[in-house]
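Enquirer: The structure follows.
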Protein chains: 2
Amino acid sequence: MRALAVEDDPRIAADLEAALNAAGFRVESTGDGEDAWFLGDTEDYDLVVLDLGLPGLDGLAVLKRWRANGRAMPVLVLTARGTWQERVEGIEAGADDYLPKPFRMEELVARARALVRRAGGHAAALQEAGLLSLDTNRMGVAVRGVPIKVTALEYRLLAYLMQYRDRPVPPTELLEHLYGDDDAREANALEAVIARLRRKLGPGVIGTRRGFGYFLEQP
Amino acid sequence: MRALAVEDDPRIAADLEAALNAAGFRVESTGDGEDAWFLGDTEDYDLVVLDLGLPGLDGLAVLKRWRANGRAMPVLVLTARGTWQERVEGIEAGADDYLPKPFRMEELVARARALVRRAGGHAAALQEAGLLSLDTNRMGVAVRGVPIKVTALEYRLLAYLMQYRDRPVPPTELLEHLYGDDDAREANALEAVIARLRRKLGPGVIGTRRGFGYFLEQP
DNA sequence: CCGCGTCTGTCAGCTTGCTGTCAGCTTCGT
DNA sequence: ACGAAGCTGACAGCAAGCTGACAGACGCGG
C-alpha cells in the first residue's frame, strides 16, 4: 500500500507519516503544492492525504487538477478551518473523505483504512524486519513467529524503529517521538526501555550503532 | 452501529430516534436536507433512515447525490405520499428499502435490522468470540450458551468490541463510539460499564491490555 | 402526580504493573 | 588509558485501571 501525504506543517507531517506508516502504508511526503500535484499525477497511490492550506498551489486546485486528469485514487482532505462551506467545496472538488483539524491520528487512520477498503485494496497489517514482525492491527509483536508481550511504550518504540528500519535512529529523535520535546526526560529513560525490550525479545533484534542510534537488525 | 435519522417532523423524529436507539443504534438526527446530505457524505453510518418530504433540499436529491459520490450505506426511505410512482423513484435513486407513512415503529426497526444485516456483510445474526455470543437480531447476549441480560449501553459496548474483535479497542475510541465526542464523559464512566459487564459475564470474556484497550478474549 | 425500580455517571479508595531515576558498570573510540 | 556513550538491575513513584457505593435521571405502572 502506497500513500502520499501532502502537508506543509512539518510537525503534523511527521506525525502523519508515522501514523500511516504504522498502519502499514509506504508513505511519501511533500509540503509543496506543485510537487504534490506532480507526484499525484504521475505516480500510483492507494491513498492520498491532502492538506488544503498549502503555500504555493492550493490544495483544492491540486485535487481538481488530478480529477480533471482522470486520477481516481482515494483522497482524504484535511483542513484547519472546518467551515461548512469549505467542506462542501472539498467534497465537490472530488475528495472522498474530509477531516477537520485538529483531529486524532487514530481517527485519520481509521478513515484512511475505510477509504482504501472501499476502493478495493487491503492494507497490509504485518510489517517485518529481520526476526521481528509487528502486527499493526492487533498491536502485536513476534520474534521468529513467537508472540511476545510488550507494553504500549515499548510497542511505540518498536513501531518507530520499524518505520525507519533502513537507518539508525538517534536517541534524541526517539526521545522526542516517545515523549514530546516539551517535557524533558533523561536520556537514560530510553536506555532503560531498550534494555527491557532486549531482554524480552532476545539478541539479534535491536542493534546499536554507537554515536548514531538504534536500529532493527536485518539479515 | 451508527444510524442517521433524517426527518423534519420533530415528533416523528423523536420516536424514530427512540426506537432506533432501543434497537441498539447510536442515532444522529437532523431535519434539514443540506445537513443530511453533508453528514451522509462525510460520516460513516451503518444505516440511514430518510424522509422524503424535507424542507430545503429534497430527500430524493440527497439520496441521489450520496449515491453519485459512491456512498453505499443502506438507506431506508420514508414517505408520506405512498404512491406507486414515488416508490419506484425512490428505489431507482438508490434506496434499499421503502416504508410508507404511517408505519409502526416495530416494522421500521425490523426492516432496518434486515437491511443492516444484509449490507453489513455479517449476514449471520449470531456473532461469536470466545465464550461470548451476540444475537444481533434480538440484542441478546450469551456466555457459554447461557443467556444474560444486558442493558442497551452494555450491548452497544459488546457489539463494538465484537465488530473489532481482532484488535484491542482503546478507551478513547470506545468513549467516542458510546457517547459521541460532543458530550465529554469521564473516562471512568467506561470503566464502570466494563466492571458491571464483567460481573455479569464472568471471567474470561472481556480482557484488558493496559495501554492498548479492551478486547474480547478468544481461545 | 406519585412511588418504584432500573440504568448509569461520578466519586473515592484501592490494586497493579509500567516506567523514570539512580548508581554502578561495561564497551567503544580515539 | 581515558572519557564518553551505552548497559543493567534495583527500586520507588505514579498512572491506568478496578470496584463498591451512591445518587440523579429516567421510564413505568398505578
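If you're wondering about the labels, chains in the C-alpha cells are A, B, ... by order shown, residues count from 1 in each chain, ligands from 1 in order shown.
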Could the residues of chain C within 12 Å of chain A, counting only C-alpha atoms (C1' of nucleotides), be given as a list of chain:residue names, please?
Expert: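 The contacting residues on chain C are C:DG17, C:DC18, C:DT19, C:DG20, C:DT21, C:DC22, C:DT27, C:DC28, C:DG29.
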Enquirer: Using only C-alpha atoms, find the residues of chain A whose closest atom to chain B is at most 7 Å away, then write them as a PDB file with C-alpha atoms, in the first residue's frame.
Expert:
ATOM      1  CA  ASP A  97     -13.486  11.995   2.780  1.00  0.00           C
ATOM      2  CA  TYR A  98     -12.893  15.006   4.895  1.00  0.00           C
ATOM      3  CA  ASN A 137      -3.711  -4.093  13.616  1.00  0.00           C
ATOM      4  CA  ARG A 138      -3.577  -6.197  16.741  1.00  0.00           C
ATOM      5  CA  ALA A 152       2.364   0.405  24.962  1.00  0.00           C
TER       6      ALA A 152
END
Enquirer: Can you work out which residues from chain D touch chain A at a cut-off of 10 Å (counting only C-alpha atoms (C1' of nucleotides)) and hand them back as a PyMOL selection string?
Expert: chain D and resi 5-8
Enquirer: Could you save those same residues with C-alpha atoms (C1' of nucleotides) as a tab-separated table (two decimals), in the first residue's frame?
Expert:
chain	number	residue	atom	x	y	z
D	5	DA	C1'	28.31	6.52	25.24
D	6	DG	C1'	25.69	2.98	26.38
D	7	DC	C1'	24.02	-1.04	29.58
D	8	DT	C1'	21.68	-3.01	33.50
Enquirer: When all Cα positions are paired in order and chain B is fitted onto chain A, what RMSD is left, to one decimal?
Expert: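 Pairing the C-alpha atoms in order and fitting gives 7.9 Å.
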Enquirer: DSSP on the backbone: what in region 145-213 of chain B comes out helix (DSSP H, G or I), as a count of residues only?
Expert: 35
Enquirer: So that I can see what lies close to Leu54 (chain A), please list as an mmCIF file with N, CA and C atoms, in the first residue's frame the residues with an atom at most 7 Å from it, counting only C-alpha atoms (C1' of nucleotides) and leaving out residues fewer than 4 positions away in the same chain.
Expert:
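So the final result, stored in result-v5.cif, reads:
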data_model
loop_
_atom_site.group_PDB
_atom_site.id
_atom_site.type_symbol
_atom_site.label_atom_id
_atom_site.label_comp_id
_atom_site.auth_asym_id
_atom_site.auth_seq_id
_atom_site.Cartn_x
_atom_site.Cartn_y
_atom_site.Cartn_z
ATOM 1 N N ASP A 8 2.085 20.834 4.864
ATOM 2 C CA ASP A 8 3.239 21.728 4.942
ATOM 3 C C ASP A 8 3.781 21.912 6.351
ATOM 4 N N ASP A 32 4.796 20.754 -0.571
ATOM 5 C CA ASP A 32 4.656 21.737 -1.639
ATOM 6 C C ASP A 32 3.534 21.343 -2.606
ATOM 7 N N GLY A 33 2.721 22.322 -2.977
ATOM 8 C CA GLY A 33 1.565 22.064 -3.826
ATOM 9 C C GLY A 33 1.941 21.567 -5.216
ATOM 10 N N ASP A 58 -2.701 25.855 -4.237
ATOM 11 C CA ASP A 58 -3.668 25.478 -3.215
ATOM 12 C C ASP A 58 -4.085 24.012 -3.334
ATOM 13 N N GLY A 59 -4.381 23.421 -2.176
ATOM 14 C CA GLY A 59 -4.759 22.010 -2.139
ATOM 15 C C GLY A 59 -5.967 21.699 -2.994
#
Enquirer: Between CA of Ala110 (chain A) and CA of Pro171 (chain B), what is the distance in Å, rounded to a tenth?
Expert: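 About the pair CA of Ala110 (chain A) and CA of Pro171 (chain B): they are 15.1 Å apart.
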Enquirer: Give me, please, the distance in Å between CA of Pro74 (chain A) and CA of Val116 (chain A), quoted to one decimal.
Expert: 7.0 Å
Enquirer: Can you list, as a ChimeraX atom specification, every protein, DNA or RNA residue that comes within 9 Å of region 201-204 of chain A when you count only C-alpha atoms (C1' of nucleotides), leaving out same-chain residues fewer than 6 positions away?
Expert: /A:130-132,142-143,148,216-218
Enquirer: Rounded to one decimal place, report the CA of Ser133 (chain A)-CA of Leu158 (chain A) distance in Å.
Expert: 9.7 Å
Enquirer: Taking 3 positions as the minimum chain separation for residues in the same chain, which residues sit within 8 Å of region 9-20 of chain A when counting only C-alpha atoms (C1' of nucleotides)? Answer as a PyMOL selection string.
Expert: chain A and resi 3+5-6+23-29+31+105-106+109+160+163
